[in-house]
Each structure stands twice: as structure tokens, then as C-alpha cells.
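J.: The structure file target.txt (compact mmCIF, C-alpha atoms) is provided below.
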# COMPACT_ATOMS: atom_id res chain seq x y z
CA MET K 1 -70.26 73.79 -44.71
CA SER K 2 -72.80 71.55 -46.33
CA ARG K 3 -74.54 68.76 -44.51
CA GLN K 4 -73.26 66.28 -47.09
CA TYR K 5 -69.65 67.33 -46.40
CA LEU K 6 -70.11 67.01 -42.62
CA ASN K 7 -71.55 63.49 -43.07
CA PHE K 8 -68.57 62.57 -45.22
CA VAL K 9 -66.11 63.86 -42.60
CA GLN K 10 -67.90 62.04 -39.76
CA THR K 11 -68.03 58.77 -41.70
CA SER K 12 -64.36 59.11 -42.64
CA LEU K 13 -63.34 59.72 -39.04
CA ARG K 14 -65.30 56.65 -37.89
CA HIS K 15 -63.47 54.53 -40.47
CA ILE K 16 -60.10 55.91 -39.45
CA ILE K 17 -60.82 55.23 -35.77
CA PHE K 18 -62.06 51.72 -36.59
CA LEU K 19 -58.96 50.93 -38.65
CA THR K 20 -56.65 52.32 -35.97
CA LEU K 21 -58.27 50.19 -33.29
CA THR K 22 -58.21 47.13 -35.53
CA PHE K 23 -54.49 47.50 -36.27
CA ASP K 24 -53.74 47.99 -32.57
CA VAL K 25 -55.55 44.76 -31.72
CA PHE K 26 -53.74 42.72 -34.37
CA ALA K 27 -50.32 44.36 -34.06
CA SER K 28 -47.97 41.73 -32.73
CA GLU K 29 -46.22 42.47 -29.50
CA LYS K 30 -42.67 41.32 -29.07
CA ILE K 31 -42.45 37.89 -27.48
CA ASN K 32 -40.33 37.97 -24.34
CA ILE K 33 -38.18 34.94 -25.09
CA ASN K 34 -36.82 34.89 -21.52
CA ASN K 35 -40.31 34.04 -20.25
CA ILE K 36 -40.47 30.96 -22.48
CA LEU K 37 -36.91 29.66 -22.41
CA THR K 38 -35.74 29.13 -18.85
CA ASN K 39 -32.05 29.10 -19.81
CA ILE K 40 -30.52 30.84 -22.82
CA GLU K 41 -26.80 30.63 -23.43
CA VAL K 42 -25.57 33.67 -25.34
CA VAL K 43 -22.54 33.06 -27.57
CA SER K 44 -20.81 35.84 -29.44
CA SER K 45 -17.14 34.95 -29.82
CA SER K 46 -16.10 33.03 -32.91
CA GLN K 47 -14.82 30.16 -30.75
CA GLU K 48 -18.12 29.91 -28.82
CA ARG K 49 -20.17 30.08 -32.03
CA ARG K 50 -18.03 27.41 -33.70
CA LYS K 51 -18.52 25.04 -30.75
CA GLY K 52 -22.23 25.79 -30.32
CA LEU K 53 -24.03 22.75 -28.92
CA MET K 54 -21.44 20.23 -30.15
CA ASN K 55 -20.75 17.11 -28.07
CA ARG K 56 -23.78 17.58 -25.86
CA LYS K 57 -26.00 14.53 -25.44
CA TYR K 58 -29.02 16.41 -24.08
CA LEU K 59 -30.61 19.85 -24.14
CA PRO K 60 -33.34 20.42 -21.51
CA GLU K 61 -36.76 21.22 -22.96
CA ASN K 62 -36.80 24.99 -22.48
CA HIS K 63 -33.14 25.73 -23.02
CA GLY K 64 -31.56 27.33 -26.04
CA MET K 65 -28.48 28.99 -27.46
CA PHE K 66 -28.57 32.53 -28.86
CA PHE K 67 -25.87 33.36 -31.42
CA ILE K 68 -24.62 36.90 -31.99
CA TRP K 69 -22.38 37.68 -34.95
CA ASP K 70 -20.37 40.86 -35.38
CA TYR K 71 -22.30 42.00 -38.44
CA ARG K 72 -25.21 41.05 -40.69
CA LYS K 73 -24.52 38.49 -43.39
CA ARG K 74 -25.84 35.14 -44.60
CA GLN K 75 -25.12 32.96 -41.58
CA CYS K 76 -24.67 29.18 -41.67
CA MET K 77 -24.94 26.45 -39.04
CA TRP K 78 -24.09 22.78 -39.14
CA MET K 79 -24.52 19.80 -36.87
CA ARG K 80 -21.06 18.27 -36.86
CA ASP K 81 -20.53 16.41 -33.56
CA THR K 82 -23.99 17.49 -32.39
CA TYR K 83 -26.16 14.69 -31.00
CA ILE K 84 -29.38 16.62 -30.43
CA PRO K 85 -31.98 17.28 -33.17
CA LEU K 86 -32.30 21.07 -33.28
CA SER K 87 -34.26 23.87 -34.89
CA VAL K 88 -32.69 27.21 -35.69
CA ALA K 89 -34.37 30.57 -36.21
CA TYR K 90 -32.50 33.28 -38.06
CA ILE K 91 -33.39 36.68 -36.63
CA ASN K 92 -32.94 40.24 -37.92
CA ASN K 93 -31.70 43.27 -35.96
CA GLU K 94 -35.20 44.14 -34.75
CA GLY K 95 -35.86 40.65 -33.38
CA LYS K 96 -38.07 39.45 -36.23
CA ILE K 97 -37.81 35.76 -37.07
CA LEU K 98 -37.02 35.58 -40.78
CA GLU K 99 -36.41 31.84 -41.21
CA ILE K 100 -36.74 28.61 -39.20
CA TYR K 101 -35.04 25.34 -40.13
CA ASP K 102 -34.81 21.87 -38.59
CA MET K 103 -31.34 20.34 -38.41
CA VAL K 104 -30.25 16.70 -38.37
CA PRO K 105 -27.72 15.41 -35.79
CA HIS K 106 -24.18 14.82 -37.10
CA SER K 107 -24.96 16.36 -40.50
CA GLU K 108 -22.11 18.35 -42.00
CA LYS K 109 -24.48 20.00 -44.45
CA SER K 110 -24.63 23.74 -43.82
CA VAL K 111 -28.03 25.21 -43.01
CA CYS K 112 -27.70 28.79 -44.18
CA SER K 113 -29.96 31.78 -43.90
CA ILE K 114 -31.31 33.14 -47.14
CA LYS K 115 -31.29 36.68 -45.80
CA ARG K 116 -28.56 38.59 -44.05
CA VAL K 117 -28.93 38.26 -40.28
CA LYS K 118 -26.96 39.02 -37.15
CA TYR K 119 -28.70 36.63 -34.73
CA ALA K 120 -29.86 33.03 -34.48
CA LEU K 121 -31.61 30.97 -31.81
CA GLU K 122 -31.06 27.21 -31.56
CA VAL K 123 -33.50 25.09 -29.59
CA ASN K 124 -34.70 21.49 -29.50
CA LYS K 125 -36.33 20.38 -32.74
CA ASP K 126 -40.03 21.37 -32.92
CA TRP K 127 -39.69 23.81 -30.00
CA PHE K 128 -40.85 26.75 -32.13
CA GLU K 129 -43.92 24.81 -33.27
CA LYS K 130 -44.78 23.63 -29.74
CA ASN K 131 -44.59 27.22 -28.48
CA ASN K 132 -46.52 28.66 -31.43
CA ILE K 133 -43.59 30.82 -32.51
CA ASN K 134 -43.43 31.36 -36.25
CA ILE K 135 -41.66 33.18 -39.05
CA GLY K 136 -42.64 36.85 -38.79
CA ASP K 137 -42.95 36.83 -35.00
CA MET K 138 -41.02 39.49 -33.12
CA LEU K 139 -38.79 38.45 -30.22
CA ASN K 140 -37.62 40.81 -27.52
CA ILE K 141 -33.90 40.12 -27.85
CA ARG K 142 -32.67 43.32 -26.23
CA VAL K 143 -32.06 41.63 -22.86
CA LEU K 144 -30.02 38.87 -24.51
CA ILE K 145 -27.89 41.37 -26.38
CA GLN K 146 -27.36 43.52 -23.27
CA ASN K 147 -26.40 40.49 -21.16
CA ASP K 148 -23.65 39.67 -23.63
CA LYS K 149 -21.77 42.92 -23.04
Could you take the file, read its structure, and then write that structure out as C-alpha cells?
T.:
Amino acid sequence: MSRQYLNFVQTSLRHIIFLTLTFDVFASEKININNILTNIEVVSSSQERRKGLMNRKYLPENHGMFFIWDYRKRQCMWMRDTYIPLSVAYINNEGKILEIYDMVPHSEKSVCSIKRVKYALEVNKDWFEKNNINIGDMLNIRVLIQNDK
């Protein structure tokens, strides 16, 4: 083998190793939502989902409600009879946050996901921002799903 070829192979390997290490450093780990929210109510029946956080006057700071639907579709939420300003994150099957919306108390306007989702997380308004949780972040939702069974 020529010296030039060996130099090329060595340089290429260094670049591959560098890129691999760089991607490992910046790859996002799943956020363990149970470590941030001290109480998460999991609702999966149609009756529980319909009621949601209606008629509650207060939601403690690190509490939330996790919604599980039977299948993926465009999901919608509304704030009828809900007194608390909320934010909702629509989440895909892998736990990735696809969309986050703020919702206004007592509004009957539907806040629908653009994409098809199976999960949503409702929390106090601005909770996602305060906890630096954004669209694209991955949540470890496996424990929530398992606890529902």
C-alpha cells in the first residue's frame, strides 16, 4: 500500500471517530418526566380524558396530566369548565414532543395537534418553558404507559 493511501485512511478514521464522539455528546437523552413532575395523573379512558382537569381551581406547580388515546390521530383539547391556564404538549409514540400550545381557561376553542399523536401532557401554563423542555425533546414515557395497565 502506498504511503498516500495510508495517510488517507488514517485521516478518514480520525474524522469518523471525531464525528461519532461529537454526535454522542449532542445526542439528546430522554428526559425522565417523573423526576421533574412530582405527580402525574394518567388518564386513558374516554370518560377520564373528556373530564381532564375540568372544574379544578388549582394545579400544584409540578403536577400534570398525561393523556393516552387508543390510537394515533389528530388529537384535540379544549378548556371548557377549566379554570387553570394550561400548556399541552402533543407527543409521539417514541416520547418526542411534536407540538406545544398554551390554552386559555374556559375557552371552548379546540386546540388540536397538527400531527397524529397518541399522547399528550397537560401542565400549568409556561411549565415547559420554565423547565427548558421544548419541541423535539424526548420524554421517557414508558413508566407512565406501564403504570396505566
J.: So how far away is CA of Met65 in chain K from CA of Ile100 in chain K, in Å?
T.: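 Rounded to one decimal, the two atoms are 14.4 Å apart.
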J.: Work out how far CA of Ile97 in chain K is from CA of Leu139 in chain K, in Å to one decimal.
T.: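 Atom-to-atom, CA of Leu139 in chain K to CA of Ile97 in chain K, that is 7.4 Å.
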J.: Smallest atom-to-atom distance to Met138 in chain K: which of K:Asp102, K:Glu41, K:Glu94, K:Asp126, using all atoms listed in the file?
T.: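 Counting all atoms listed in the file, the residue closest to Met138 in chain K is K:Glu94.
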J.: Tell me, in Å to one decimal, how far CA of Gln146 in chain K is from CA of Asn131 in chain K.
T.: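 Distance between the two atoms: 24.3 Å.
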J.: Met79 in chain K: which residues within 10 Å, counting only C-alpha atoms, same-chain residues fewer than 2 positions away excluded, as a PDB file with C-alpha atoms, in the frame of the given file?
T.:
ATOM      1  CA  GLY K  52     -22.230  25.790 -30.320  1.00  0.00           C
ATOM      2  CA  LEU K  53     -24.030  22.750 -28.920  1.00  0.00           C
ATOM      3  CA  MET K  54     -21.440  20.230 -30.150  1.00  0.00           C
ATOM      4  CA  ASN K  55     -20.750  17.110 -28.070  1.00  0.00           C
ATOM      5  CA  MET K  77     -24.940  26.450 -39.040  1.00  0.00           C
ATOM      6  CA  ASP K  81     -20.530  16.410 -33.560  1.00  0.00           C
ATOM      7  CA  THR K  82     -23.990  17.490 -32.390  1.00  0.00           C
ATOM      8  CA  TYR K  83     -26.160  14.690 -31.000  1.00  0.00           C
ATOM      9  CA  ILE K  84     -29.380  16.620 -30.430  1.00  0.00           C
ATOM     10  CA  PRO K  85     -31.980  17.280 -33.170  1.00  0.00           C
ATOM     11  CA  LEU K  86     -32.300  21.070 -33.280  1.00  0.00           C
ATOM     12  CA  MET K 103     -31.340  20.340 -38.410  1.00  0.00           C
ATOM     13  CA  VAL K 104     -30.250  16.700 -38.370  1.00  0.00           C
ATOM     14  CA  PRO K 105     -27.720  15.410 -35.790  1.00  0.00           C
ATOM     15  CA  HIS K 106     -24.180  14.820 -37.100  1.00  0.00           C
ATOM     16  CA  SER K 107     -24.960  16.360 -40.500  1.00  0.00           C
ATOM     17  CA  GLU K 108     -22.110  18.350 -42.000  1.00  0.00           C
ATOM     18  CA  LYS K 109     -24.480  20.000 -44.450  1.00  0.00           C
ATOM     19  CA  SER K 110     -24.630  23.740 -43.820  1.00  0.00           C
ATOM     20  CA  VAL K 111     -28.030  25.210 -43.010  1.00  0.00           C
TER      21      VAL K 111
END
J.: Tell me which of K:Leu98, K:Leu144, K:Cys112, K:Ile68 sits closest to Gln47 in chain K, counting only C-alpha atoms.
T.: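 So, comparing all the options, the nearest one is K:Ile68.
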J.: Which of these residues is nearest to Val42 in chain K, using all atoms listed in the file: K:Gln4, K:Gly95, K:Ala89, K:Ile141?
T.: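 Nearest to Val42 in chain K: K:Ile141.
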J.: Could you give me the centre and size, in Å to one decimal, of an axis-aligned box around all listed atoms of range 130-140 of chain K with 8 Å added on every side, as lines of an AutoDock Vina configuration file?
T.:
center_x = -42.1
center_y = 32.2
center_z = -33.3
size_x = 24.9
size_y = 33.2
size_z = 27.5
J.: When distances are computed from only C-alpha atoms, which of K:Asn92, K:Pro60, K:Ile135, K:Lys125 shows the smallest separation from Arg74 in chain K?
T.: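 Smallest distance to Arg74 in chain K is found for K:Asn92.
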J.: Find the residues around Phe66 in chain K up to 7 Å (all atoms listed in the file counted), leave out those fewer than 6 positions away in its own chain, and share them as a list in words.
T.: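 In the requested format, the answer is Ile40, Glu41, Val42, Val43, Ala120, Leu121 and Glu122 of chain K.
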J.: May I ask which of the residues K:Asn124, K:Lys96, K:Arg142, K:Phe8 is the closest one to Lys57 in chain K, counting only C-alpha atoms?
T.: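 When distances to Lys57 in chain K are compared using only C-alpha atoms, the smallest one comes from K:Asn124.
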J.: Mind listing whatever residues come within 7 Å of the point (-44.1, 40.9, -29.0)? Use only C-alpha atoms, file coordinates, and give them as number ranges by chain.
T.: K: 28-32, 138-140
J.: Pick the closest to Asn34 in chain K from K:Gly136, K:Ser87, K:Val143, K:Ser2: which is it, counting all atoms listed in the file?
T.: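 Between K:Gly136, K:Ser87, K:Val143, K:Ser2, the residue approaching Asn34 in chain K most closely is K:Val143.
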J.: Fewer than 2 positions away in the same chain doesn't count, so skip those; otherwise give me all residues within 7 Å of Ser44 in chain K, counting all atoms listed in the file, as a PyMOL selection string.
T.: chain K and resi 42+46+48-49+67-69
J.: Which residues are close to Asn39 in chain K, i.e. within 8 Å by only C-alpha atoms, leaving aside same-chain residues fewer than 3 positions away? Reply as a PDB file with C-alpha atoms, in the frame of the given file.
T.:
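The resulting file, part-v5.pdb, is reproduced below:
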ATOM      1  CA  ASN K  34     -36.820  34.890 -21.520  1.00  0.00           C
ATOM      2  CA  ASN K  62     -36.800  24.990 -22.480  1.00  0.00           C
ATOM      3  CA  HIS K  63     -33.140  25.730 -23.020  1.00  0.00           C
ATOM      4  CA  GLY K  64     -31.560  27.330 -26.040  1.00  0.00           C
TER       5      GLY K  64
END
